[in-house]
file coords_3.txt (compact mmCIF, C-alpha atoms)
# COMPACT_ATOMS: atom_id res chain seq x y z
CA THR R 292 99.27 78.59 85.08
CA LYS R 293 96.35 76.24 84.53
CA VAL R 294 93.27 76.50 82.38
CA SER R 295 90.14 74.90 83.77
CA PRO R 296 88.34 72.26 81.70
CA THR R 297 85.29 74.55 81.87
CA HIS R 298 87.34 76.98 79.75
CA ALA R 299 88.66 74.40 77.28
CA HIS R 300 87.02 75.80 74.15
CA ARG R 301 89.46 77.63 71.86
CA ASP R 302 88.30 81.18 72.56
CA ASP R 303 88.19 80.55 76.32
CA VAL R 304 91.71 79.07 76.32
CA LEU R 305 93.04 82.12 74.48
CA LYS R 306 91.14 84.57 76.70
CA ALA R 307 92.28 82.88 79.94
CA ALA R 308 95.91 82.83 78.77
CA LEU R 309 95.86 86.49 77.81
CA ALA R 310 94.36 87.43 81.20
CA SER R 311 97.04 85.39 83.02
CA SER R 312 99.77 86.87 80.84
CA GLU R 313 98.58 90.40 81.61
CA ARG R 314 98.51 89.69 85.36
CA LEU R 315 102.04 88.26 85.15
CA GLY R 316 103.26 91.10 82.98
CA THR R 317 105.02 88.61 80.71
CA TYR R 318 104.53 85.33 78.86
CA ILE R 319 103.40 82.13 80.60
CA ASP R 320 106.22 79.62 81.11
CA LEU R 321 103.95 76.58 81.41
CA TYR R 322 100.26 76.51 80.55
CA LEU R 323 98.48 73.36 81.76
CA LEU R 324 95.06 71.99 80.98
CA HIS R 325 93.96 71.19 84.55
CA TRP R 326 91.77 68.15 83.77
CA PRO R 327 90.58 66.37 80.65
CA ALA R 328 87.56 68.36 79.44
CA SER R 329 84.40 66.41 78.77
CA GLY R 330 82.33 67.81 75.96
CA VAL R 331 85.23 69.68 74.34
CA PRO R 332 87.36 67.92 71.73
CA VAL R 333 90.92 67.73 73.07
CA CYS R 334 92.22 68.85 69.67
CA GLU R 335 90.34 72.14 69.98
CA THR R 336 92.06 72.84 73.30
CA MET R 337 95.50 71.66 72.19
CA ARG R 338 95.45 73.68 68.98
CA ALA R 339 94.51 76.80 70.96
CA MET R 340 97.44 76.13 73.30
CA GLU R 341 99.72 75.56 70.32
CA GLU R 342 98.55 78.88 68.87
CA LEU R 343 99.61 80.56 72.13
CA VAL R 344 103.07 78.97 71.83
CA LYS R 345 103.40 80.20 68.24
CA THR R 346 102.53 83.76 69.26
CA GLY R 347 104.94 83.71 72.21
CA LYS R 348 102.23 84.14 74.86
CA VAL R 349 103.05 80.66 76.21
CA LYS R 350 106.43 78.96 76.29
CA HIS R 351 105.39 75.35 77.09
CA ILE R 352 102.22 73.25 77.14
CA GLY R 353 101.38 70.83 79.94
CA LEU R 354 98.61 68.50 81.07
CA SER R 355 97.37 67.80 84.57
CA ASN R 356 95.46 64.72 85.73
CA PHE R 357 95.82 62.89 82.42
CA ASP R 358 96.74 59.25 81.81
CA VAL R 359 99.13 58.06 79.09
CA GLU R 360 96.30 57.43 76.63
CA GLY R 361 94.95 60.96 77.15
CA ILE R 362 98.41 62.46 76.71
CA GLU R 363 98.92 60.55 73.47
CA GLU R 364 95.56 61.76 72.21
CA ALA R 365 96.49 65.36 73.06
CA ARG R 366 99.94 65.03 71.45
CA ASP R 367 98.39 63.70 68.24
CA CYS R 368 96.56 67.04 67.91
CA LEU R 369 99.72 69.14 68.02
CA ARG R 370 101.62 69.99 64.86
CA SER R 371 104.54 72.16 65.95
CA ALA R 372 104.54 72.07 69.76
CA ASP R 373 104.64 69.17 72.21
CA ILE R 374 103.67 68.43 75.78
CA ALA R 375 106.53 69.57 78.02
CA ALA R 376 105.14 68.57 81.41
CA ILE R 377 102.67 66.32 83.15
CA GLN R 378 101.26 67.22 86.56
CA ASN R 379 99.58 64.39 88.45
CA ARG R 380 99.15 63.30 92.04
CA PHE R 381 102.13 61.20 93.10
CA SER R 382 103.68 60.37 96.46
CA LEU R 383 104.97 57.44 98.47
CA MET R 384 101.40 56.59 99.40
CA GLN R 385 99.84 57.44 96.01
CA ARG R 386 101.99 55.69 93.39
CA LYS R 387 99.53 54.89 90.62
CA ASP R 388 101.80 56.58 88.04
CA TYR R 389 105.03 54.83 89.09
CA SER R 390 104.97 51.91 86.66
CA GLU R 391 103.54 53.49 83.50
CA MET R 392 103.27 57.29 83.54
CA ILE R 393 106.67 58.16 84.96
CA PRO R 394 108.59 55.84 82.60
CA TYR R 395 106.54 57.32 79.75
CA ALA R 396 107.40 60.89 80.78
CA GLN R 397 111.05 59.93 81.13
CA LYS R 398 111.15 58.26 77.70
CA GLU R 399 109.39 61.21 76.05
CA GLY R 400 111.53 63.87 77.76
CA MET R 401 108.64 65.37 79.73
CA MET R 402 108.89 66.84 83.21
CA TYR R 403 106.64 65.06 85.71
CA MET R 404 105.35 67.39 88.43
CA ALA R 405 104.08 65.54 91.50
CA TYR R 406 101.35 67.36 93.40
CA THR R 407 100.33 66.41 96.96
CA PRO R 408 103.78 64.78 97.35
CA ILE R 409 103.55 64.39 101.12
CA ASP R 410 99.90 63.34 101.31
CA LYS R 411 98.86 66.39 103.33
CA GLY R 412 101.45 65.51 105.97
CA ALA R 413 100.24 61.93 106.55
CA ILE R 414 103.65 60.54 105.57
CA SER R 415 105.23 62.24 108.60
CA GLU R 416 103.87 59.47 110.85
CA HIS R 417 105.17 56.49 108.86
CA GLU R 418 107.63 54.58 111.08
CA LEU R 419 110.03 53.40 108.36
CA VAL R 420 110.25 56.85 106.77
CA LYS R 421 110.87 58.41 110.20
CA LYS R 422 113.57 55.80 110.94
CA ILE R 423 115.35 56.45 107.65
CA GLY R 424 115.05 60.18 108.30
CA MET R 425 116.89 59.78 111.61
CA LYS R 426 119.74 58.07 109.74
CA TYR R 427 120.18 61.21 107.58
CA GLY R 428 119.24 63.78 110.21
CA LYS R 429 116.10 64.60 108.20
CA THR R 430 112.37 64.64 108.85
CA ALA R 431 110.00 62.09 107.34
CA ILE R 432 108.68 64.85 105.05
CA GLN R 433 112.20 65.58 103.79
CA VAL R 434 112.81 61.86 103.18
CA ALA R 435 109.53 61.52 101.26
CA LEU R 436 110.37 64.52 99.08
CA ASN R 437 113.92 63.29 98.49
CA TRP R 438 112.58 59.87 97.51
CA LEU R 439 110.54 61.59 94.79
CA ILE R 440 113.50 63.72 93.69
CA CYS R 441 115.51 60.51 93.19
CA ILE R 442 113.10 59.47 90.42
CA GLU R 443 113.83 61.04 87.03
CA PRO R 444 111.99 63.20 85.80
CA VAL R 445 109.89 63.82 88.94
CA VAL R 446 109.74 67.29 90.46
CA PRO R 447 107.65 67.36 93.64
CA ILE R 448 105.59 70.49 94.24
CA PRO R 449 104.90 70.52 97.98
CA LYS R 450 102.82 73.01 99.88
CA ALA R 451 104.67 76.19 100.82
CA SER R 452 102.06 78.45 102.37
CA ARG R 453 104.05 79.03 105.57
CA LEU R 454 107.72 79.70 106.24
CA GLU R 455 107.96 76.38 108.14
CA HIS R 456 106.82 74.53 105.01
CA VAL R 457 109.45 76.26 102.89
CA GLU R 458 112.22 75.53 105.40
CA GLU R 459 111.28 71.86 105.65
CA ASN R 460 110.96 71.54 101.87
CA VAL R 461 114.44 73.02 101.35
CA GLY R 462 115.83 70.31 103.65
CA ALA R 463 114.82 67.71 101.05
CA VAL R 464 117.54 68.82 98.60
CA GLY R 465 121.33 68.79 98.72
CA TRP R 466 121.55 65.13 99.67
CA ARG R 467 120.38 61.82 98.25
CA LEU R 468 118.91 58.63 99.68
CA SER R 469 121.09 55.58 99.17
CA GLN R 470 119.80 53.06 96.62
CA GLU R 471 119.24 50.62 99.47
CA ASP R 472 117.09 53.11 101.42
CA PHE R 473 115.24 54.11 98.24
CA ARG R 474 114.36 50.44 97.55
CA GLU R 475 113.39 49.79 101.17
CA ILE R 476 110.93 52.68 101.04
CA LEU R 477 109.68 51.59 97.60
CA ASN R 478 108.96 48.08 98.90
CA ALA R 479 107.23 49.36 102.05
CA PHE R 480 104.39 51.05 100.18

call {"tool": "encode", "arguments": {"input": "coords_3.txt", "output": "structure tokens"}}
result
Amino acid sequence: TKVSPTHAHRDDVLKAALASSERLGTYIDLYLLHWPASGVPVCETMRAMEELVKTGKVKHIGLSNFDVEGIEEARDCLRSADIAAIQNRFSLMQRKDYSEMIPYAQKEGMMYMAYTPIDKGAISEHELVKKIGMKYGKTAIQVALNWLICIEPVVPIPKASRLEHVEENVGAVGWRLSQEDFREILNAF
């Protein structure tokens, strides 16, 4: 569950979490601040989220669309909880976080959730990815997702609005790209 930056003030964070918790009928596993909130001190938001963890309404705190500096600033506000997950855009074609954010998440023991991991399907037309897919009997989408899965601590969160999406996504697990194929893809983008 995410809280919008327009609801980043303490009372709004608490109210939004309680509403989500009631709809779920249980606690929230992961409560993410969707974007850095301009005009609201990050400590106000983080302390409200920490309060939710203390009361058991939220199990883990996360941040979405933050850079390392923003995460560090948010972590400095927390006293008894920590950031459990980062959710940013990451894919073969969108690798801004590869050199700094992902190693940071790995070092700090944070899950890194990659949204838009197949670039809205654009990766399915990439010749190298299609060629490597043929080698494994997989689609380019499955290869792209598996490439992400090979990177600790990345968890891709692909679209799954239709049964075909779910079936193709499932084909990305249960096998692993060779290191050679992983590097070839890495170097191609």

call {"tool": "residues_around", "arguments": {"input": "coords_3.txt", "residues": "range 420-433 of chain R", "least_positions_apart": "3", "cutoff": "12 Å", "atoms": "all atoms listed in the file", "output": "MDAnalysis selection string"}}
result
chainID R and resid 382:384 407:417 436:440 447 449:450 455:469 471:480

call {"tool": "write_last_selection", "arguments": {"input": "coords_3.txt", "atoms": "C-alpha atoms", "output": "tab-separated table (two decimals), keeping the file's coordinate frame"}}
result
chain	number	residue	atom	x	y	z
R	382	SER	CA	103.68	60.37	96.46
R	383	LEU	CA	104.97	57.44	98.47
R	384	MET	CA	101.40	56.59	99.40
R	407	THR	CA	100.33	66.41	96.96
R	408	PRO	CA	103.78	64.78	97.35
R	409	ILE	CA	103.55	64.39	101.12
R	410	ASP	CA	99.90	63.34	101.31
R	411	LYS	CA	98.86	66.39	103.33
R	412	GLY	CA	101.45	65.51	105.97
R	413	ALA	CA	100.24	61.93	106.55
R	414	ILE	CA	103.65	60.54	105.57
R	415	SER	CA	105.23	62.24	108.60
R	416	GLU	CA	103.87	59.47	110.85
R	417	HIS	CA	105.17	56.49	108.86
R	436	LEU	CA	110.37	64.52	99.08
R	437	ASN	CA	113.92	63.29	98.49
R	438	TRP	CA	112.58	59.87	97.51
R	439	LEU	CA	110.54	61.59	94.79
R	440	ILE	CA	113.50	63.72	93.69
R	447	PRO	CA	107.65	67.36	93.64
R	449	PRO	CA	104.90	70.52	97.98
R	450	LYS	CA	102.82	73.01	99.88
R	455	GLU	CA	107.96	76.38	108.14
R	456	HIS	CA	106.82	74.53	105.01
R	457	VAL	CA	109.45	76.26	102.89
R	458	GLU	CA	112.22	75.53	105.40
R	459	GLU	CA	111.28	71.86	105.65
R	460	ASN	CA	110.96	71.54	101.87
R	461	VAL	CA	114.44	73.02	101.35
R	462	GLY	CA	115.83	70.31	103.65
R	463	ALA	CA	114.82	67.71	101.05
R	464	VAL	CA	117.54	68.82	98.60
R	465	GLY	CA	121.33	68.79	98.72
R	466	TRP	CA	121.55	65.13	99.67
R	467	ARG	CA	120.38	61.82	98.25
R	468	LEU	CA	118.91	58.63	99.68
R	469	SER	CA	121.09	55.58	99.17
R	471	GLU	CA	119.24	50.62	99.47
R	472	ASP	CA	117.09	53.11	101.42
R	473	PHE	CA	115.24	54.11	98.24
R	474	ARG	CA	114.36	50.44	97.55
R	475	GLU	CA	113.39	49.79	101.17
R	476	ILE	CA	110.93	52.68	101.04
R	477	LEU	CA	109.68	51.59	97.60
R	478	ASN	CA	108.96	48.08	98.90
R	479	ALA	CA	107.23	49.36	102.05
R	480	PHE	CA	104.39	51.05	100.18

call {"tool": "atom_distance", "arguments": {"input": "coords_3.txt", "atom1": "CA of Met392 in chain R", "atom2": "CA of Ile374 in chain R"}}
result
13.6 Å

call {"tool": "residues_near_point", "arguments": {"input": "coords_3.txt", "point": "(108.4, 59.8, 84.0)", "cutoff": "12 Å", "atoms": "all atoms listed in the file", "output": "NGL selection string"}}
result
:R and (358-359 or 375-379 or 381 or 388-405 or 439-446)

call {"tool": "write_last_selection", "arguments": {"input": "coords_3.txt", "atoms": "C-alpha atoms", "output": "mmCIF file, in the frame of the given file"}}
result
data_model
loop_
_atom_site.group_PDB
_atom_site.id
_atom_site.type_symbol
_atom_site.label_atom_id
_atom_site.label_comp_id
_atom_site.auth_asym_id
_atom_site.auth_seq_id
_atom_site.Cartn_x
_atom_site.Cartn_y
_atom_site.Cartn_z
ATOM 1 C CA ASP R 358 96.740 59.250 81.810
ATOM 2 C CA VAL R 359 99.130 58.060 79.090
ATOM 3 C CA ALA R 375 106.530 69.570 78.020
ATOM 4 C CA ALA R 376 105.140 68.570 81.410
ATOM 5 C CA ILE R 377 102.670 66.320 83.150
ATOM 6 C CA GLN R 378 101.260 67.220 86.560
ATOM 7 C CA ASN R 379 99.580 64.390 88.450
ATOM 8 C CA PHE R 381 102.130 61.200 93.100
ATOM 9 C CA ASP R 388 101.800 56.580 88.040
ATOM 10 C CA TYR R 389 105.030 54.830 89.090
ATOM 11 C CA SER R 390 104.970 51.910 86.660
ATOM 12 C CA GLU R 391 103.540 53.490 83.500
ATOM 13 C CA MET R 392 103.270 57.290 83.540
ATOM 14 C CA ILE R 393 106.670 58.160 84.960
ATOM 15 C CA PRO R 394 108.590 55.840 82.600
ATOM 16 C CA TYR R 395 106.540 57.320 79.750
ATOM 17 C CA ALA R 396 107.400 60.890 80.780
ATOM 18 C CA GLN R 397 111.050 59.930 81.130
ATOM 19 C CA LYS R 398 111.150 58.260 77.700
ATOM 20 C CA GLU R 399 109.390 61.210 76.050
ATOM 21 C CA GLY R 400 111.530 63.870 77.760
ATOM 22 C CA MET R 401 108.640 65.370 79.730
ATOM 23 C CA MET R 402 108.890 66.840 83.210
ATOM 24 C CA TYR R 403 106.640 65.060 85.710
ATOM 25 C CA MET R 404 105.350 67.390 88.430
ATOM 26 C CA ALA R 405 104.080 65.540 91.500
ATOM 27 C CA LEU R 439 110.540 61.590 94.790
ATOM 28 C CA ILE R 440 113.500 63.720 93.690
ATOM 29 C CA CYS R 441 115.510 60.510 93.190
ATOM 30 C CA ILE R 442 113.100 59.470 90.420
ATOM 31 C CA GLU R 443 113.830 61.040 87.030
ATOM 32 C CA PRO R 444 111.990 63.200 85.800
ATOM 33 C CA VAL R 445 109.890 63.820 88.940
ATOM 34 C CA VAL R 446 109.740 67.290 90.460
#

call {"tool": "closest_residue", "arguments": {"input": "coords_3.txt", "among": "R:Ile362, R:Cys368, R:Ala435, R:Ile352", "to": "Gln385 in chain R", "atoms": "only C-alpha atoms"}}
result
R:Ala435

call {"tool": "atom_distance", "arguments": {"input": "coords_3.txt", "atom1": "CA of Arg370 in chain R", "atom2": "CA of Val304 in chain R"}}
result
17.7 Å

call {"tool": "closest_residue", "arguments": {"input": "coords_3.txt", "among": "R:Ser311, R:Gln470, R:Ser452, R:Ser355", "to": "Leu324 in chain R", "atoms": "all atoms listed in the file"}}
result
R:Ser355

call {"tool": "residues_around", "arguments": {"input": "coords_3.txt", "residues": "Thr297 in chain R", "least_positions_apart": "2", "cutoff": "9 Å", "atoms": "all atoms listed in the file", "output": "list of chain:residue names"}}
result
R:Val294, R:Ser295, R:Ala299, R:His300, R:Asp303, R:Ala328, R:Ser329, R:Val331

call {"tool": "atom_distance", "arguments": {"input": "coords_3.txt", "atom1": "CA of Asp367 in chain R", "atom2": "CA of Val333 in chain R"}}
result
9.8 Å

call {"tool": "closest_residue", "arguments": {"input": "coords_3.txt", "among": "R:Glu342, R:Gly347, R:Arg386, R:Glu335", "to": "Ser371 in chain R", "atoms": "all atoms listed in the file"}}
result
R:Glu342

call {"tool": "decode", "arguments": {"input": "coords_3.txt", "residues": "range 318-389 of chain R", "atoms": "C-alpha atoms", "output": "compact mmCIF listing (two decimals), in the first residue's frame"}}
result
# COMPACT_ATOMS: atom_id res chain seq x y z
CA TYR R 318 -2.44 -4.89 9.05
CA ILE R 319 -0.46 -3.49 6.11
CA ASP R 320 2.62 -5.57 5.23
CA LEU R 321 4.46 -2.76 3.46
CA TYR R 322 3.50 0.91 3.57
CA LEU R 323 5.36 3.04 1.02
CA LEU R 324 5.63 6.79 0.63
CA HIS R 325 4.95 7.00 -3.12
CA TRP R 326 7.13 10.05 -3.88
CA PRO R 327 9.21 12.51 -1.87
CA ALA R 328 6.73 15.09 -0.58
CA SER R 329 7.58 18.72 -1.23
CA GLY R 330 6.42 21.05 1.48
CA VAL R 331 6.20 18.33 4.16
CA PRO R 332 9.25 17.57 6.28
CA VAL R 333 10.27 13.96 5.62
CA CYS R 334 10.69 13.41 9.36
CA GLU R 335 7.01 14.19 9.93
CA THR R 336 6.03 11.48 7.45
CA MET R 337 8.58 8.94 8.65
CA ARG R 338 7.68 9.36 12.30
CA ALA R 339 4.00 8.83 11.45
CA MET R 340 4.94 5.65 9.58
CA GLU R 341 7.08 4.55 12.50
CA GLU R 342 4.13 5.15 14.82
CA LEU R 343 2.06 2.80 12.63
CA VAL R 344 4.76 0.12 12.94
CA LYS R 345 4.80 0.50 16.73
CA THR R 346 1.02 0.08 16.93
CA GLY R 347 1.05 -2.97 14.63
CA LYS R 348 -1.02 -1.33 11.88
CA VAL R 349 1.99 -1.54 9.54
CA LYS R 350 4.65 -4.23 9.44
CA HIS R 351 7.29 -2.54 7.23
CA ILE R 352 8.07 0.92 5.86
CA GLY R 353 9.14 1.56 2.28
CA LEU R 354 9.95 4.41 -0.08
CA SER R 355 9.14 4.76 -3.76
CA ASN R 356 10.91 7.01 -6.27
CA PHE R 357 13.62 8.09 -3.83
CA ASP R 358 17.36 8.38 -4.42
CA VAL R 359 20.02 7.26 -1.94
CA GLU R 360 20.32 10.72 -0.41
CA GLY R 361 16.55 10.89 0.15
CA ILE R 362 16.52 7.42 1.70
CA GLU R 363 19.33 8.37 4.07
CA GLU R 364 17.45 11.51 5.07
CA ALA R 365 14.31 9.45 5.75
CA ARG R 366 16.25 6.82 7.72
CA ASP R 367 17.82 9.50 9.90
CA CYS R 368 14.30 10.39 11.08
CA LEU R 369 13.49 6.89 12.30
CA ARG R 370 14.28 5.80 15.83
CA SER R 371 13.04 2.23 16.13
CA ALA R 372 12.03 1.18 12.61
CA ASP R 373 13.95 1.16 9.34
CA ILE R 374 13.26 1.25 5.63
CA ALA R 375 12.59 -2.31 4.49
CA ALA R 376 12.03 -1.73 0.78
CA ILE R 377 12.70 0.66 -2.06
CA GLN R 378 10.44 0.76 -5.11
CA ASN R 379 11.85 2.53 -8.15
CA ARG R 380 11.65 2.21 -11.90
CA PHE R 381 14.25 -0.28 -13.11
CA SER R 382 14.57 -2.44 -16.21
CA LEU R 383 17.06 -3.42 -18.88
CA MET R 384 16.32 -0.16 -20.67
CA GLN R 385 15.99 2.00 -17.54
CA ARG R 386 19.05 1.23 -15.39
CA LYS R 387 19.71 4.49 -13.57
CA ASP R 388 19.72 2.67 -10.20
CA TYR R 389 22.09 -0.14 -11.22
